[in-house]
Amino acid sequence: MFRKINPTQFLSNDASELATFLITNKIQFVEKSKIYNDRIQTSHNLCIDLDFHKPGFIRYYVIAEKDKVLGFGAFSKARPTLGYIDIDVATHNITFTPDEKITLDEKMALRVQNTKSAQENHIKNKTTYSHDVAVSAYKNSLPFTFLGFRPPIEVKKNYGKGLFSKSYSLMKRCEGQDVDKESMEYILKQGNDNPSTAMMVKDVLLPIVKAYKRQIANINYVHRDIKSANVRAKLSRTDQPIINFLDLDSALPINNNDSAYGSPGFLAPELFPNFFPNLFDATKTLKVAQARDIFGLGVLLTGCLNPELDPNFYFGSELGITDGWKVIQAAFNLLTVSDCYDPASMGFQPNSDDDDDEIVYKDLFIYTEDHDLDVTKEQDEIRQLLKDMTNIDPSKRPEINDVITKLTLILGKLELAETLTQHVTKLSPL
């Protein structure tokens, strides 16, 4: 008869028994659904922290349930930890430290590779998953230290016919949520007034491009799949924004061979030989260039200013397109109208069944409120910058440093205009 042990709430003999089992068996990943030694079963999955180096102690993170997922994209198959247990090897004592009592650097998420859908595809295609895939992805991710990836652990499991393996690894938990949802909440949290153009530049646009420069560009990498679900954001009017770029398994150093990899709507058009055959060599490849990320960033920032211009919303909700290739084709058609991803060309018919309905176009700054302040010129400069970033010709897109410089200058003019307006208001007679 086995006993189920809850590592977050130890009973009298639970701690000693679990500690003895973990120390003796040197197991790295404990599955909650499995009975060990015909004696114990844990109520939660446990994953060892291979980066924890305290003499005489072992640390395991306690993993949250499956319904506690962290966003989409790179976090779609990741779950947060509830805290960790530290085991004293000499005394077999266990101490559980809950999540709310640990520092941000100690907060982790469990990342899973070879999910159920992937397993089913392997069975269908008569292929097998290799743990080397996870190891390779881990090695490719090492330059991105801000995510704190731990080495992957292979676990053999039963599924359908025979054994299969999964790879689990811990990574630092990034605060916030997908940037499209976070930017919408940022807009709505401002009370009765929408945020000003200056606030959107200072708290949203600049932090994103600066994070990209710091986390990706400065180490001469290209992300290759920039989209709202791959940018984790925590935005605030009063605190420092937190931005983290995720899903870096596919990131490549500049000048490596590139391919048509990415997400519909955010994918730079030069990656498709049928659109730009002159850019590809005889092997149907081209060199990795930062210009493709600049395009994705331009689309991303456009969607942050007006979430209805995010490709996932615009093509899905407004145009009713869900097929990936059709999204790419529609996005390319949109680009050819203005040679860039231009909101002035992005419209929809309120009643799609009535061809006579007037097309409604989406204003980039509909969610900003500058009251009596005239920021038309600065908003036009932002529009032009985003159009330059999403230019259909990659050679005409600005470098990331130029993007940061331009936004910084625009912010300076916006803040100066706000200061002068406030000063004049104070001097005006009642």
# chains A, B, ... in the order shown; residues from 1 in each chain; ligands from 1
$ residues_around --residues "segment 342-346 of chain A" --least-positions-apart "5" --cutoff "7 Å" --atoms "only C-alpha atoms" --output "JSON list (two decimals) with C-alpha atoms, in the first residue's frame"
[["chain", "number", "residue", "atom", "x", "y", "z"],
["A", 334, "LEU", "CA", -1.52, 44.35, -47.62],
["A", 361, "TYR", "CA", -9.97, 51.69, -41.43],
["A", 362, "LYS", "CA", -8.26, 51.38, -38.07],
["A", 363, "ASP", "CA", -6.60, 54.46, -36.59],
["A", 364, "LEU", "CA", -3.17, 53.71, -35.11],
["A", 387, "LYS", "CA", 6.27, 52.06, -41.86]]
$ closest_atom_pairs --of "segment 234-320 of chain A" --to "segment 366-377 of chain A" --cutoff "10 Å" --atoms "only C-alpha atoms" --output "tab-separated table"
residue	atom	partner	partner_atom	distance
A:Cys304	CA	A:Tyr367	CA	10.0
A:Leu305	CA	A:Tyr367	CA	7.1
A:Asn306	CA	A:Tyr367	CA	6.4
A:Pro307	CA	A:Tyr367	CA	9.0
$ write_last_selection --atoms "N, CA and C atoms" --output "PDB file, in the first residue's frame"
ATOM      1  N   CYS A 304       0.769  47.036 -30.436  1.00  0.00           N
ATOM      2  CA  CYS A 304       0.750  47.546 -29.055  1.00  0.00           C
ATOM      3  C   CYS A 304       0.023  48.891 -28.991  1.00  0.00           C
ATOM      4  N   LEU A 305       0.225  49.741 -29.984  1.00  0.00           N
ATOM      5  CA  LEU A 305      -0.471  51.033 -30.009  1.00  0.00           C
ATOM      6  C   LEU A 305      -1.963  50.851 -30.207  1.00  0.00           C
ATOM      7  N   ASN A 306      -2.323  49.927 -31.074  1.00  0.00           N
ATOM      8  CA  ASN A 306      -3.735  49.600 -31.302  1.00  0.00           C
ATOM      9  C   ASN A 306      -3.848  48.084 -31.398  1.00  0.00           C
ATOM     10  N   PRO A 307      -4.271  47.416 -30.325  1.00  0.00           N
ATOM     11  CA  PRO A 307      -4.339  45.943 -30.317  1.00  0.00           C
ATOM     12  C   PRO A 307      -5.181  45.350 -31.444  1.00  0.00           C
TER      13      PRO A 307
END
$ atom_distance --atom1 "atom CA of Gln177 of chain A" --atom2 "atom CA of Leu246 of chain A"
11.3 Å
$ closest_residue --among "A:Asn140, A:Gln9, A:Asn312, A:Gln379" --to "Leu407 of chain A" --atoms "only C-alpha atoms"
A:Gln379
$ select_by_dssp --residues "segment 54-135 of chain A" --states "helix (DSSP H, G or I)" --output "PyMOL selection string"
chain A and resi 73-75+99-101+104-106+116-125+131-135
$ closest_residue --among "A:Ser117, A:Asn220, A:Gln215, A:Ser236" --to "Glu182 of chain A" --atoms "only C-alpha atoms"
A:Ser236
$ residues_around --residues "Arg111 of chain A" --least-positions-apart "2" --cutoff "12 Å" --atoms "only C-alpha atoms" --output "PyMOL selection string"
chain A and resi 47+63-64+66+69-70+73-81+108-109+113-115+134+137-138+147-153+166-173+246-247
$ residues_around --residues "Ser250 of chain A" --least-positions-apart "3" --cutoff "10 Å" --atoms "only C-alpha atoms" --output "JSON, numbers by chain"
{"A": [137, 140, 141, 222, 223, 224, 225, 247, 261, 262]}
$ write_last_selection --atoms "N, CA and C atoms" --output "PDB file, in the first residue's frame"
ATOM      1  N   ALA A 137      18.510  22.260 -28.317  1.00  0.00           N
ATOM      2  CA  ALA A 137      17.788  23.509 -28.070  1.00  0.00           C
ATOM      3  C   ALA A 137      18.343  24.224 -26.846  1.00  0.00           C
ATOM      4  N   ASN A 140      21.602  25.859 -27.774  1.00  0.00           N
ATOM      5  CA  ASN A 140      21.349  27.043 -28.595  1.00  0.00           C
ATOM      6  C   ASN A 140      20.851  28.217 -27.760  1.00  0.00           C
ATOM      7  N   SER A 141      20.235  27.920 -26.616  1.00  0.00           N
ATOM      8  CA  SER A 141      19.646  28.964 -25.775  1.00  0.00           C
ATOM      9  C   SER A 141      20.622  29.548 -24.770  1.00  0.00           C
ATOM     10  N   VAL A 222      19.591  36.786 -34.182  1.00  0.00           N
ATOM     11  CA  VAL A 222      18.298  37.182 -34.740  1.00  0.00           C
ATOM     12  C   VAL A 222      17.252  36.241 -34.159  1.00  0.00           C
ATOM     13  N   HIS A 223      16.173  36.789 -33.634  1.00  0.00           N
ATOM     14  CA  HIS A 223      15.155  35.984 -32.959  1.00  0.00           C
ATOM     15  C   HIS A 223      14.446  35.045 -33.930  1.00  0.00           C
ATOM     16  N   ARG A 224      14.019  35.572 -35.063  1.00  0.00           N
ATOM     17  CA  ARG A 224      13.394  34.840 -36.168  1.00  0.00           C
ATOM     18  C   ARG A 224      11.910  34.537 -35.966  1.00  0.00           C
ATOM     19  N   ASP A 225      11.348  34.785 -34.796  1.00  0.00           N
ATOM     20  CA  ASP A 225       9.921  34.525 -34.621  1.00  0.00           C
ATOM     21  C   ASP A 225       9.309  35.525 -33.651  1.00  0.00           C
ATOM     22  N   ASP A 247      10.921  32.006 -26.521  1.00  0.00           N
ATOM     23  CA  ASP A 247      10.934  31.068 -27.644  1.00  0.00           C
ATOM     24  C   ASP A 247      12.177  31.270 -28.504  1.00  0.00           C
ATOM     25  N   TYR A 261      10.909  30.646 -41.807  1.00  0.00           N
ATOM     26  CA  TYR A 261      10.452  30.233 -40.478  1.00  0.00           C
ATOM     27  C   TYR A 261       9.891  31.445 -39.761  1.00  0.00           C
ATOM     28  N   GLY A 262       8.742  31.261 -39.104  1.00  0.00           N
ATOM     29  CA  GLY A 262       8.154  32.363 -38.357  1.00  0.00           C
ATOM     30  C   GLY A 262       6.657  32.215 -38.257  1.00  0.00           C
TER      31      GLY A 262
END
$ closest_residue --among "A:Leu411, A:Leu385, A:Leu18, A:Ile359" --to "Arg397 of chain A" --atoms "only C-alpha atoms"
A:Leu385
$ closest_residue --among "A:Pro311, A:Gly303, A:Pro98, A:Gly176" --to "Phe245 of chain A" --atoms "only C-alpha atoms"
A:Gly176
$ atom_distance --atom1 "atom CA of Ile48 of chain A" --atom2 "atom CA of Ser33 of chain A"
17.1 Å
$ residues_around --residues "segment 23-32 of chain A" --least-positions-apart "3" --cutoff "7 Å" --atoms "only C-alpha atoms" --output "PyMOL selection string"
chain A and resi 19-20+41-48+89
$ write_last_selection --atoms "N, CA and C atoms" --output "PDB file, in the first residue's frame"
ATOM      1  N   ALA A  19      12.597  12.224   1.496  1.00  0.00           N
ATOM      2  CA  ALA A  19      14.015  12.566   1.427  1.00  0.00           C
ATOM      3  C   ALA A  19      14.871  11.329   1.198  1.00  0.00           C
ATOM      4  N   THR A  20      14.581  10.280   1.931  1.00  0.00           N
ATOM      5  CA  THR A  20      15.340   9.035   1.776  1.00  0.00           C
ATOM      6  C   THR A  20      15.215   8.498   0.355  1.00  0.00           C
ATOM      7  N   GLN A  41       3.886   8.032  -3.492  1.00  0.00           N
ATOM      8  CA  GLN A  41       3.483   8.784  -4.683  1.00  0.00           C
ATOM      9  C   GLN A  41       3.366  10.242  -4.270  1.00  0.00           C
ATOM     10  N   THR A  42       3.853  11.147  -5.102  1.00  0.00           N
ATOM     11  CA  THR A  42       3.785  12.563  -4.759  1.00  0.00           C
ATOM     12  C   THR A  42       2.549  13.200  -5.381  1.00  0.00           C
ATOM     13  N   SER A  43       2.050  14.235  -4.744  1.00  0.00           N
ATOM     14  CA  SER A  43       0.859  14.927  -5.233  1.00  0.00           C
ATOM     15  C   SER A  43       1.193  15.917  -6.338  1.00  0.00           C
ATOM     16  N   HIS A  44       2.486  16.215  -6.522  1.00  0.00           N
ATOM     17  CA  HIS A  44       2.934  17.147  -7.553  1.00  0.00           C
ATOM     18  C   HIS A  44       4.195  16.594  -8.220  1.00  0.00           C
ATOM     19  N   ASN A  45       4.405  16.991  -9.473  1.00  0.00           N
ATOM     20  CA  ASN A  45       5.683  16.680 -10.110  1.00  0.00           C
ATOM     21  C   ASN A  45       6.788  17.462  -9.424  1.00  0.00           C
ATOM     22  N   LEU A  46       7.959  16.833  -9.337  1.00  0.00           N
ATOM     23  CA  LEU A  46       9.134  17.472  -8.754  1.00  0.00           C
ATOM     24  C   LEU A  46      10.260  17.443  -9.783  1.00  0.00           C
ATOM     25  N   CYS A  47      10.945  18.562  -9.945  1.00  0.00           N
ATOM     26  CA  CYS A  47      12.050  18.632 -10.894  1.00  0.00           C
ATOM     27  C   CYS A  47      13.291  19.148 -10.182  1.00  0.00           C
ATOM     28  N   ILE A  48      14.396  18.424 -10.310  1.00  0.00           N
ATOM     29  CA  ILE A  48      15.622  18.813  -9.629  1.00  0.00           C
ATOM     30  C   ILE A  48      16.200  20.077 -10.258  1.00  0.00           C
ATOM     31  N   VAL A  89      21.034  16.340   3.019  1.00  0.00           N
ATOM     32  CA  VAL A  89      21.479  14.973   2.734  1.00  0.00           C
ATOM     33  C   VAL A  89      21.884  14.249   4.010  1.00  0.00           C
TER      34      VAL A  89
END
$ atom_distance --atom1 "atom CA of Ser183 of chain A" --atom2 "atom CA of Ile226 of chain A"
15.9 Å
$ closest_residue --among "A:Gly412, A:Gly83, A:Ile35, A:His92" --to "Ile58 of chain A" --atoms "only C-alpha atoms"
A:His92
$ residues_around --residues "Thr408 of chain A" --least-positions-apart "6" --cutoff "9 Å" --atoms "only C-alpha atoms" --output "PyMOL selection string"
chain A and resi 201-202+206
$ write_last_selection --atoms "N, CA and C atoms" --output "short mmCIF file (atom, residue, chain, number, x, y, z; two decimals), in the first residue's frame"
data_model
loop_
_atom_site.label_atom_id
_atom_site.label_comp_id
_atom_site.auth_asym_id
_atom_site.auth_seq_id
_atom_site.Cartn_x
_atom_site.Cartn_y
_atom_site.Cartn_z
N VAL A 201 4.88 55.67 -25.79
CA VAL A 201 6.27 55.58 -26.24
C VAL A 201 7.19 55.23 -25.08
N LYS A 202 7.00 55.90 -23.95
CA LYS A 202 7.90 55.71 -22.80
C LYS A 202 7.72 54.36 -22.13
N LEU A 206 9.41 52.01 -26.34
CA LEU A 206 10.85 52.07 -26.06
C LEU A 206 11.33 50.87 -25.23
#
$ residues_around --residues "Ile216 of chain A" --least-positions-apart "2" --cutoff "10 Å" --atoms "only C-alpha atoms" --output "list of chain:residue names"
A:Pro143, A:Phe144, A:Lys210, A:Ala211, A:Tyr212, A:Lys213, A:Arg214, A:Asn218, A:Ile219, A:Asn220, A:Tyr221, A:Val222, A:His223, A:Phe245, A:Leu248, A:Ala251, A:Leu252, A:Pro253, A:Gln290, A:Asp293
$ write_last_selection --atoms "C-alpha atoms" --output "mmCIF file, in the first residue's frame"
data_model
loop_
_atom_site.group_PDB
_atom_site.id
_atom_site.type_symbol
_atom_site.label_atom_id
_atom_site.label_comp_id
_atom_site.auth_asym_id
_atom_site.auth_seq_id
_atom_site.Cartn_x
_atom_site.Cartn_y
_atom_site.Cartn_z
ATOM 1 C CA PRO A 143 23.617 32.872 -24.980
ATOM 2 C CA PHE A 144 20.290 34.136 -23.651
ATOM 3 C CA LYS A 210 15.530 48.364 -25.821
ATOM 4 C CA ALA A 211 14.907 44.862 -24.480
ATOM 5 C CA TYR A 212 15.355 43.464 -27.990
ATOM 6 C CA LYS A 213 18.679 45.280 -28.347
ATOM 7 C CA ARG A 214 19.886 44.127 -24.929
ATOM 8 C CA ASN A 218 23.766 42.880 -28.636
ATOM 9 C CA ILE A 219 24.910 39.254 -28.903
ATOM 10 C CA ASN A 220 24.536 39.301 -32.710
ATOM 11 C CA TYR A 221 21.556 36.982 -32.826
ATOM 12 C CA VAL A 222 18.298 37.182 -34.740
ATOM 13 C CA HIS A 223 15.155 35.984 -32.959
ATOM 14 C CA PHE A 245 11.777 37.808 -25.415
ATOM 15 C CA LEU A 248 14.595 31.374 -28.542
ATOM 16 C CA ALA A 251 17.217 32.032 -32.823
ATOM 17 C CA LEU A 252 20.320 32.074 -35.024
ATOM 18 C CA PRO A 253 23.507 34.126 -35.220
ATOM 19 C CA GLN A 290 18.421 41.583 -38.325
ATOM 20 C CA ASP A 293 13.414 41.011 -36.722
#
$ closest_residue --among "A:Ala330, A:Val403, A:Leu11, A:Met199" --to "Ile294 of chain A" --atoms "only C-alpha atoms"
A:Val403
$ decode --residues "segment 279-428 of chain A" --atoms "C-alpha atoms" --output "PDB file, in the first residue's frame"
ATOM      1  CA  LEU A 279      17.170  37.305 -52.482  1.00  0.00           C
ATOM      2  CA  PHE A 280      17.690  33.543 -52.282  1.00  0.00           C
ATOM      3  CA  ASP A 281      20.670  31.524 -53.439  1.00  0.00           C
ATOM      4  CA  ALA A 282      20.550  28.282 -55.427  1.00  0.00           C
ATOM      5  CA  THR A 283      19.782  26.249 -52.280  1.00  0.00           C
ATOM      6  CA  LYS A 284      16.649  28.293 -51.558  1.00  0.00           C
ATOM      7  CA  THR A 285      18.231  29.893 -48.488  1.00  0.00           C
ATOM      8  CA  LEU A 286      19.368  33.368 -47.542  1.00  0.00           C
ATOM      9  CA  LYS A 287      21.509  34.765 -44.767  1.00  0.00           C
ATOM     10  CA  VAL A 288      20.069  35.534 -41.341  1.00  0.00           C
ATOM     11  CA  ALA A 289      19.691  39.298 -41.054  1.00  0.00           C
ATOM     12  CA  GLN A 290      18.421  41.583 -38.325  1.00  0.00           C
ATOM     13  CA  ALA A 291      16.099  43.212 -40.859  1.00  0.00           C
ATOM     14  CA  ARG A 292      13.629  40.330 -40.473  1.00  0.00           C
ATOM     15  CA  ASP A 293      13.414  41.011 -36.722  1.00  0.00           C
ATOM     16  CA  ILE A 294      12.985  44.725 -37.359  1.00  0.00           C
ATOM     17  CA  PHE A 295       9.963  43.884 -39.505  1.00  0.00           C
ATOM     18  CA  GLY A 296       8.467  41.713 -36.732  1.00  0.00           C
ATOM     19  CA  LEU A 297       9.140  44.448 -34.176  1.00  0.00           C
ATOM     20  CA  GLY A 298       7.399  47.003 -36.385  1.00  0.00           C
ATOM     21  CA  VAL A 299       4.295  44.847 -36.628  1.00  0.00           C
ATOM     22  CA  LEU A 300       4.467  44.159 -32.888  1.00  0.00           C
ATOM     23  CA  LEU A 301       4.712  47.845 -31.928  1.00  0.00           C
ATOM     24  CA  THR A 302       1.831  48.666 -34.257  1.00  0.00           C
ATOM     25  CA  GLY A 303      -0.291  46.105 -32.424  1.00  0.00           C
ATOM     26  CA  CYS A 304       0.750  47.546 -29.055  1.00  0.00           C
ATOM     27  CA  LEU A 305      -0.471  51.033 -30.009  1.00  0.00           C
ATOM     28  CA  ASN A 306      -3.735  49.600 -31.302  1.00  0.00           C
ATOM     29  CA  PRO A 307      -4.339  45.943 -30.317  1.00  0.00           C
ATOM     30  CA  GLU A 308      -6.869  45.648 -33.136  1.00  0.00           C
ATOM     31  CA  LEU A 309      -3.936  45.974 -35.555  1.00  0.00           C
ATOM     32  CA  ASP A 310      -2.162  42.947 -34.115  1.00  0.00           C
ATOM     33  CA  PRO A 311      -2.177  40.329 -36.918  1.00  0.00           C
ATOM     34  CA  ASN A 312      -3.810  37.729 -34.676  1.00  0.00           C
ATOM     35  CA  PHE A 313      -6.735  40.067 -34.100  1.00  0.00           C
ATOM     36  CA  TYR A 314      -6.910  41.809 -37.451  1.00  0.00           C
ATOM     37  CA  PHE A 315      -6.655  38.803 -39.751  1.00  0.00           C
ATOM     38  CA  GLY A 316      -8.541  36.495 -37.412  1.00  0.00           C
ATOM     39  CA  SER A 317     -11.337  38.583 -35.920  1.00  0.00           C
ATOM     40  CA  GLU A 318     -11.827  41.235 -38.593  1.00  0.00           C
ATOM     41  CA  LEU A 319     -11.064  39.357 -41.793  1.00  0.00           C
ATOM     42  CA  GLY A 320     -12.006  35.887 -40.578  1.00  0.00           C
ATOM     43  CA  ILE A 321      -8.799  34.251 -41.833  1.00  0.00           C
ATOM     44  CA  THR A 322      -7.484  31.345 -39.760  1.00  0.00           C
ATOM     45  CA  ASP A 323      -5.408  29.382 -42.278  1.00  0.00           C
ATOM     46  CA  GLY A 324      -1.703  30.218 -41.851  1.00  0.00           C
ATOM     47  CA  TRP A 325      -0.832  30.406 -45.527  1.00  0.00           C
ATOM     48  CA  LYS A 326      -3.888  32.557 -46.265  1.00  0.00           C
ATOM     49  CA  VAL A 327      -2.785  34.946 -43.509  1.00  0.00           C
ATOM     50  CA  ILE A 328       0.651  35.182 -45.109  1.00  0.00           C
ATOM     51  CA  GLN A 329      -0.877  35.818 -48.526  1.00  0.00           C
ATOM     52  CA  ALA A 330      -3.274  38.448 -47.120  1.00  0.00           C
ATOM     53  CA  ALA A 331      -0.441  40.132 -45.224  1.00  0.00           C
ATOM     54  CA  PHE A 332       1.689  40.218 -48.356  1.00  0.00           C
ATOM     55  CA  ASN A 333      -1.195  41.697 -50.337  1.00  0.00           C
ATOM     56  CA  LEU A 334      -1.524  44.347 -47.624  1.00  0.00           C
ATOM     57  CA  LEU A 335       2.190  45.129 -47.870  1.00  0.00           C
ATOM     58  CA  THR A 336       2.035  45.632 -51.610  1.00  0.00           C
ATOM     59  CA  VAL A 337      -0.598  48.374 -51.212  1.00  0.00           C
ATOM     60  CA  SER A 338       1.734  50.727 -49.324  1.00  0.00           C
ATOM     61  CA  ASP A 339       5.046  48.814 -49.469  1.00  0.00           C
ATOM     62  CA  CYS A 340       4.787  48.412 -45.692  1.00  0.00           C
ATOM     63  CA  TYR A 341       2.511  47.267 -42.850  1.00  0.00           C
ATOM     64  CA  ASP A 342       0.413  50.427 -42.853  1.00  0.00           C
ATOM     65  CA  PRO A 343      -2.738  50.852 -40.704  1.00  0.00           C
ATOM     66  CA  ALA A 344      -4.032  53.287 -43.334  1.00  0.00           C
ATOM     67  CA  SER A 345      -4.428  50.257 -45.619  1.00  0.00           C
ATOM     68  CA  MET A 346      -5.958  47.992 -42.980  1.00  0.00           C
ATOM     69  CA  GLY A 347      -9.730  48.100 -43.223  1.00  0.00           C
ATOM     70  CA  PHE A 348     -12.736  45.840 -42.917  1.00  0.00           C
ATOM     71  CA  GLN A 349     -16.392  45.834 -43.858  1.00  0.00           C
ATOM     72  CA  PRO A 350     -18.731  45.900 -40.824  1.00  0.00           C
ATOM     73  CA  ASN A 351     -21.108  43.606 -42.689  1.00  0.00           C
ATOM     74  CA  SER A 352     -19.026  41.211 -44.761  1.00  0.00           C
ATOM     75  CA  ASP A 353     -22.165  40.009 -46.579  1.00  0.00           C
ATOM     76  CA  ASP A 354     -22.831  43.446 -48.017  1.00  0.00           C
ATOM     77  CA  ASP A 355     -20.312  44.486 -50.659  1.00  0.00           C
ATOM     78  CA  ASP A 356     -21.727  48.015 -50.612  1.00  0.00           C
ATOM     79  CA  ASP A 357     -20.649  48.622 -47.012  1.00  0.00           C
ATOM     80  CA  GLU A 358     -18.018  51.313 -46.636  1.00  0.00           C
ATOM     81  CA  ILE A 359     -14.623  49.978 -45.553  1.00  0.00           C
ATOM     82  CA  VAL A 360     -13.681  51.035 -42.020  1.00  0.00           C
ATOM     83  CA  TYR A 361      -9.972  51.692 -41.429  1.00  0.00           C
ATOM     84  CA  LYS A 362      -8.256  51.384 -38.069  1.00  0.00           C
ATOM     85  CA  ASP A 363      -6.601  54.461 -36.590  1.00  0.00           C
ATOM     86  CA  LEU A 364      -3.173  53.711 -35.108  1.00  0.00           C
ATOM     87  CA  PHE A 365      -3.707  56.191 -32.246  1.00  0.00           C
ATOM     88  CA  ILE A 366      -7.382  55.593 -31.475  1.00  0.00           C
ATOM     89  CA  TYR A 367      -6.447  54.374 -27.980  1.00  0.00           C
ATOM     90  CA  THR A 368      -4.314  57.396 -27.061  1.00  0.00           C
ATOM     91  CA  GLU A 369      -5.644  60.596 -25.466  1.00  0.00           C
ATOM     92  CA  ASP A 370      -3.583  63.784 -25.577  1.00  0.00           C
ATOM     93  CA  HIS A 371      -6.432  66.139 -24.611  1.00  0.00           C
ATOM     94  CA  ASP A 372      -5.746  69.627 -26.024  1.00  0.00           C
ATOM     95  CA  LEU A 373      -2.112  68.887 -26.834  1.00  0.00           C
ATOM     96  CA  ASP A 374      -1.329  68.899 -30.561  1.00  0.00           C
ATOM     97  CA  VAL A 375       0.956  65.900 -31.163  1.00  0.00           C
ATOM     98  CA  THR A 376       0.002  65.351 -34.790  1.00  0.00           C
ATOM     99  CA  LYS A 377       3.579  65.817 -35.993  1.00  0.00           C
ATOM    100  CA  GLU A 378       5.014  63.387 -33.426  1.00  0.00           C
ATOM    101  CA  GLN A 379       2.332  60.796 -34.193  1.00  0.00           C
ATOM    102  CA  ASP A 380       3.154  61.114 -37.894  1.00  0.00           C
ATOM    103  CA  GLU A 381       6.811  60.511 -37.060  1.00  0.00           C
ATOM    104  CA  ILE A 382       5.865  57.342 -35.182  1.00  0.00           C
ATOM    105  CA  ARG A 383       3.718  56.200 -38.097  1.00  0.00           C
ATOM    106  CA  GLN A 384       6.592  56.782 -40.486  1.00  0.00           C
ATOM    107  CA  LEU A 385       9.047  54.921 -38.258  1.00  0.00           C
ATOM    108  CA  LEU A 386       6.743  51.885 -38.097  1.00  0.00           C
ATOM    109  CA  LYS A 387       6.267  52.056 -41.864  1.00  0.00           C
ATOM    110  CA  ASP A 388      10.051  52.162 -42.300  1.00  0.00           C
ATOM    111  CA  MET A 389      10.476  49.179 -39.972  1.00  0.00           C
ATOM    112  CA  THR A 390       7.976  47.143 -41.975  1.00  0.00           C
ATOM    113  CA  ASN A 391       9.155  48.278 -45.401  1.00  0.00           C
ATOM    114  CA  ILE A 392       8.697  45.500 -47.932  1.00  0.00           C
ATOM    115  CA  ASP A 393      12.346  46.008 -48.936  1.00  0.00           C
ATOM    116  CA  PRO A 394      14.583  44.748 -46.076  1.00  0.00           C
ATOM    117  CA  SER A 395      17.474  47.001 -47.161  1.00  0.00           C
ATOM    118  CA  LYS A 396      15.331  50.075 -46.382  1.00  0.00           C
ATOM    119  CA  ARG A 397      14.521  49.124 -42.786  1.00  0.00           C
ATOM    120  CA  PRO A 398      16.383  50.969 -39.995  1.00  0.00           C
ATOM    121  CA  GLU A 399      18.856  49.360 -37.592  1.00  0.00           C
ATOM    122  CA  ILE A 400      17.698  48.760 -34.019  1.00  0.00           C
ATOM    123  CA  ASN A 401      19.926  51.602 -32.724  1.00  0.00           C
ATOM    124  CA  ASP A 402      18.266  53.999 -35.178  1.00  0.00           C
ATOM    125  CA  VAL A 403      14.827  52.864 -33.994  1.00  0.00           C
ATOM    126  CA  ILE A 404      15.761  53.529 -30.364  1.00  0.00           C
ATOM    127  CA  THR A 405      17.280  56.915 -31.214  1.00  0.00           C
ATOM    128  CA  LYS A 406      14.224  57.984 -33.201  1.00  0.00           C
ATOM    129  CA  LEU A 407      11.740  56.954 -30.490  1.00  0.00           C
ATOM    130  CA  THR A 408      13.871  58.678 -27.842  1.00  0.00           C
ATOM    131  CA  LEU A 409      13.850  61.928 -29.828  1.00  0.00           C
ATOM    132  CA  ILE A 410      10.093  61.694 -30.379  1.00  0.00           C
ATOM    133  CA  LEU A 411       9.547  61.067 -26.659  1.00  0.00           C
ATOM    134  CA  GLY A 412      11.668  64.118 -25.823  1.00  0.00           C
ATOM    135  CA  LYS A 413       9.491  66.333 -28.018  1.00  0.00           C
ATOM    136  CA  LEU A 414       6.284  64.876 -26.596  1.00  0.00           C
ATOM    137  CA  GLU A 415       7.396  65.376 -22.995  1.00  0.00           C
ATOM    138  CA  LEU A 416       8.577  68.914 -23.745  1.00  0.00           C
ATOM    139  CA  ALA A 417       5.199  69.744 -25.285  1.00  0.00           C
ATOM    140  CA  GLU A 418       3.432  68.335 -22.206  1.00  0.00           C
ATOM    141  CA  THR A 419       5.668  70.361 -19.876  1.00  0.00           C
ATOM    142  CA  LEU A 420       5.117  73.601 -21.791  1.00  0.00           C
ATOM    143  CA  THR A 421       1.364  73.048 -21.876  1.00  0.00           C
ATOM    144  CA  GLN A 422       1.267  72.461 -18.113  1.00  0.00           C
ATOM    145  CA  HIS A 423       3.371  75.594 -17.552  1.00  0.00           C
ATOM    146  CA  VAL A 424       1.078  77.741 -19.706  1.00  0.00           C
ATOM    147  CA  THR A 425      -1.981  76.333 -17.924  1.00  0.00           C
ATOM    148  CA  LYS A 426      -0.554  77.330 -14.543  1.00  0.00           C
ATOM    149  CA  LEU A 427       0.149  80.884 -15.765  1.00  0.00           C
ATOM    150  CA  SER A 428      -3.273  81.370 -17.331  1.00  0.00           C
TER     151      SER A 428
END
